[in-house]
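A quick write-up on the structure given underneath.
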Amino acid sequence: MKRILVPCDFSDPAVQAFKFAVAVANQQNAEIALLHVVELPVMHDTVLMPTLTFEEAYLKDVKADAEKNFAQMKTKWAKDGPKVSTHIQYGPTTPTIRQFIEEQQIDLVIMGTHGASGLKEFLVGSNAEKIVRTSPVPVIALKNPLKTVKHIVFPSNLNTEQEELTLKVKDLQHAFGAKLHILYVNTPALFKRDTETKEQLQAFAKRFMLQDYTLNIVNDYSEEAGIAAFAHEVKAEMVAIGTHGRRGLNHLLTGSIAEDVVNHLDCAIWTYKAAR
């Protein structure tokens, strides 16, 4: 974990994400890239020159404001380190961030989110949810201030073929020195007997040589509800979960547990889209 990206719109969740990134970077000897993405306005003026003049003035003001805010954030929260670079790019938010991740060889994204709900979630979703769905590297999304991570909940379908995801979660646990809570959520649609699930949990822990962990079964009406209830019960600061990265009509029809959790849980959410 050498390069951490913090997408920043200067909202309170974005500032909280930066503060947490500073703590992580200091602990891991990493550097931070702060990125502000400006979505360009669509102009419909039939006279070309007034439009160009307005855009030039607009972009100049936006850049000046962003640089001022960056300087204040660095002075207030990262005065004594780590190394922080600042970037301003123009374009659609999600594709621009994704391209930045690839070009700058980012290892981890830490971003704030307001969440999304109702019709907005169904039609648009939050920017964090979109990044979770498409990012090639792990993403930590948080709504509230976070100083340390002592308990990580890892919901799993107990598929031992999820080696890439599980090894990433082990690295995450090691980075924070946290206790790992392996969780299986038993739902009416995918019911299993507890005796069968316990055996699978034990085999899963043995297969991946887990340490400092607990094995847990929760019965609930949905995976999201079970994850939320258990995370609250153990006072987890973070939930680590894989995502399928579904897009388009398939995403709208089937949804994603990871993205639902990002939008609705109050604790930090670490997500990773393993290669298929």
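So you can find residues: chains in the structure tokens are A, B, ... in the order shown, residues in each start at 1, and ligands are numbered from 1 in order.
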Near region 265-273 of chain A, counting only C-alpha atoms, which residues have an atom at most 7 Å away, once you skip same-chain residues fewer than 3 positions from it, shown as a VMD selection string? chain A and resid 132 136 to 144 165 228 237 to 245 261 to 262
Atoms to include: N, CA and C atoms. Write the selected residues as a PDB file, in the first residue's frame.
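Just written: out13.pdb:
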ATOM      1  N   VAL A 132     -17.028   2.011  -6.314  1.00  0.00           N
ATOM      2  CA  VAL A 132     -16.966   0.643  -5.798  1.00  0.00           C
ATOM      3  C   VAL A 132     -17.197  -0.361  -6.910  1.00  0.00           C
ATOM      4  N   PRO A 136     -10.522  -0.871 -10.008  1.00  0.00           N
ATOM      5  CA  PRO A 136      -9.676  -2.059 -10.085  1.00  0.00           C
ATOM      6  C   PRO A 136      -8.877  -2.308  -8.807  1.00  0.00           C
ATOM      7  N   VAL A 137      -8.972  -1.395  -7.831  1.00  0.00           N
ATOM      8  CA  VAL A 137      -8.254  -1.544  -6.567  1.00  0.00           C
ATOM      9  C   VAL A 137      -9.250  -1.429  -5.416  1.00  0.00           C
ATOM     10  N   PRO A 138      -8.864  -1.857  -4.213  1.00  0.00           N
ATOM     11  CA  PRO A 138      -9.786  -1.756  -3.070  1.00  0.00           C
ATOM     12  C   PRO A 138     -10.211  -0.313  -2.794  1.00  0.00           C
ATOM     13  N   VAL A 139     -11.446  -0.178  -2.304  1.00  0.00           N
ATOM     14  CA  VAL A 139     -12.016   1.133  -1.972  1.00  0.00           C
ATOM     15  C   VAL A 139     -12.520   1.102  -0.534  1.00  0.00           C
ATOM     16  N   ILE A 140     -12.180   2.111   0.230  1.00  0.00           N
ATOM     17  CA  ILE A 140     -12.767   2.305   1.559  1.00  0.00           C
ATOM     18  C   ILE A 140     -13.694   3.514   1.472  1.00  0.00           C
ATOM     19  N   ALA A 141     -14.970   3.291   1.723  1.00  0.00           N
ATOM     20  CA  ALA A 141     -15.964   4.367   1.700  1.00  0.00           C
ATOM     21  C   ALA A 141     -16.425   4.629   3.131  1.00  0.00           C
ATOM     22  N   LEU A 142     -16.454   5.899   3.535  1.00  0.00           N
ATOM     23  CA  LEU A 142     -16.899   6.204   4.891  1.00  0.00           C
ATOM     24  C   LEU A 142     -17.736   7.468   4.916  1.00  0.00           C
ATOM     25  N   LYS A 143     -18.720   7.462   5.816  1.00  0.00           N
ATOM     26  CA  LYS A 143     -19.611   8.607   6.003  1.00  0.00           C
ATOM     27  C   LYS A 143     -19.242   9.416   7.236  1.00  0.00           C
ATOM     28  N   ASN A 144     -18.663   8.744   8.222  1.00  0.00           N
ATOM     29  CA  ASN A 144     -18.413   9.366   9.524  1.00  0.00           C
ATOM     30  C   ASN A 144     -16.925   9.365   9.848  1.00  0.00           C
ATOM     31  N   LEU A 165      -9.913 -12.442  -3.099  1.00  0.00           N
ATOM     32  CA  LEU A 165     -10.622 -11.568  -2.171  1.00  0.00           C
ATOM     33  C   LEU A 165     -10.187 -11.817  -0.731  1.00  0.00           C
ATOM     34  N   ALA A 228     -25.693  -5.593   8.591  1.00  0.00           N
ATOM     35  CA  ALA A 228     -25.866  -4.377   9.388  1.00  0.00           C
ATOM     36  C   ALA A 228     -26.078  -4.700  10.859  1.00  0.00           C
ATOM     37  N   GLU A 237     -15.829  -1.213  13.187  1.00  0.00           N
ATOM     38  CA  GLU A 237     -15.528   0.049  12.515  1.00  0.00           C
ATOM     39  C   GLU A 237     -15.545  -0.105  10.997  1.00  0.00           C
ATOM     40  N   MET A 238     -15.453  -1.377  10.528  1.00  0.00           N
ATOM     41  CA  MET A 238     -15.348  -1.590   9.082  1.00  0.00           C
ATOM     42  C   MET A 238     -15.974  -2.920   8.687  1.00  0.00           C
ATOM     43  N   VAL A 239     -16.597  -2.929   7.515  1.00  0.00           N
ATOM     44  CA  VAL A 239     -17.077  -4.150   6.879  1.00  0.00           C
ATOM     45  C   VAL A 239     -16.276  -4.332   5.597  1.00  0.00           C
ATOM     46  N   ALA A 240     -15.737  -5.532   5.388  1.00  0.00           N
ATOM     47  CA  ALA A 240     -14.974  -5.845   4.177  1.00  0.00           C
ATOM     48  C   ALA A 240     -15.790  -6.812   3.336  1.00  0.00           C
ATOM     49  N   ILE A 241     -16.033  -6.439   2.086  1.00  0.00           N
ATOM     50  CA  ILE A 241     -16.939  -7.243   1.268  1.00  0.00           C
ATOM     51  C   ILE A 241     -16.533  -7.168  -0.197  1.00  0.00           C
ATOM     52  N   GLY A 242     -16.726  -8.253  -0.911  1.00  0.00           N
ATOM     53  CA  GLY A 242     -16.442  -8.284  -2.338  1.00  0.00           C
ATOM     54  C   GLY A 242     -17.629  -7.774  -3.133  1.00  0.00           C
ATOM     55  N   THR A 243     -17.355  -7.320  -4.360  1.00  0.00           N
ATOM     56  CA  THR A 243     -18.422  -6.864  -5.241  1.00  0.00           C
ATOM     57  C   THR A 243     -18.241  -7.493  -6.614  1.00  0.00           C
ATOM     58  N   HIS A 244     -19.366  -7.744  -7.269  1.00  0.00           N
ATOM     59  CA  HIS A 244     -19.329  -8.323  -8.611  1.00  0.00           C
ATOM     60  C   HIS A 244     -19.088  -7.256  -9.676  1.00  0.00           C
ATOM     61  N   GLY A 245     -19.288  -5.995  -9.320  1.00  0.00           N
ATOM     62  CA  GLY A 245     -19.110  -4.925 -10.295  1.00  0.00           C
ATOM     63  C   GLY A 245     -20.118  -4.974 -11.421  1.00  0.00           C
ATOM     64  N   VAL A 261     -24.660  -2.060   0.851  1.00  0.00           N
ATOM     65  CA  VAL A 261     -24.024  -1.836   2.143  1.00  0.00           C
ATOM     66  C   VAL A 261     -23.318  -0.484   2.167  1.00  0.00           C
ATOM     67  N   VAL A 262     -22.617  -0.136   1.072  1.00  0.00           N
ATOM     68  CA  VAL A 262     -21.949   1.154   0.986  1.00  0.00           C
ATOM     69  C   VAL A 262     -22.945   2.297   1.170  1.00  0.00           C
TER      70      VAL A 262
END
Using DSSP on the backbone coordinates, identify all residues within region 109-250 of chain A classified as strand (DSSP E or B); present the result as a ChimeraX atom specification. /A:109-112,139-142,151-155,179-187,190,213-219,238-242
Excluding Lys198 (chain A) and its own-chain neighbours fewer than 5 positions away, which residues fall within 9 Å of it when counting only C-alpha atoms? Please give them as a VMD selection string. chain A and resid 193 203 215 to 217
Pull the alpha helix (DSSP H) assignments for region 6-221 of chain A out of DSSP run on the backbone, and list those residues as JSON, numbers by chain. {"A": [12, 13, 14, 15, 16, 17, 18, 19, 20, 21, 22, 23, 24, 25, 26, 27, 28, 48, 49, 50, 51, 52, 53, 54, 55, 56, 57, 58, 59, 60, 61, 62, 63, 64, 65, 66, 67, 68, 69, 70, 71, 72, 73, 74, 75, 76, 77, 93, 94, 95, 96, 97, 98, 99, 100, 101, 102, 103, 118, 119, 120, 121, 122, 123, 127, 128, 129, 130, 131, 132, 133, 134, 163, 164, 165, 166, 167, 168, 169, 170, 171, 172, 173, 174, 175, 176, 194, 195, 196, 197, 198, 199, 200, 201, 202, 203, 204, 205, 206, 207]}
Counting only C-alpha atoms, the residue of A:Glu39, A:Ala25, A:Phe10, A:Phe208 that sits nearest Ala71 (chain A):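 For Ala71 (chain A), the nearest of the candidates is A:Phe10.
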Residue among A:Gln99, A:Ser85, A:Asn159, A:Thr113 lying closest to Phe204 (chain A), counting only C-alpha atoms: A:Asn159
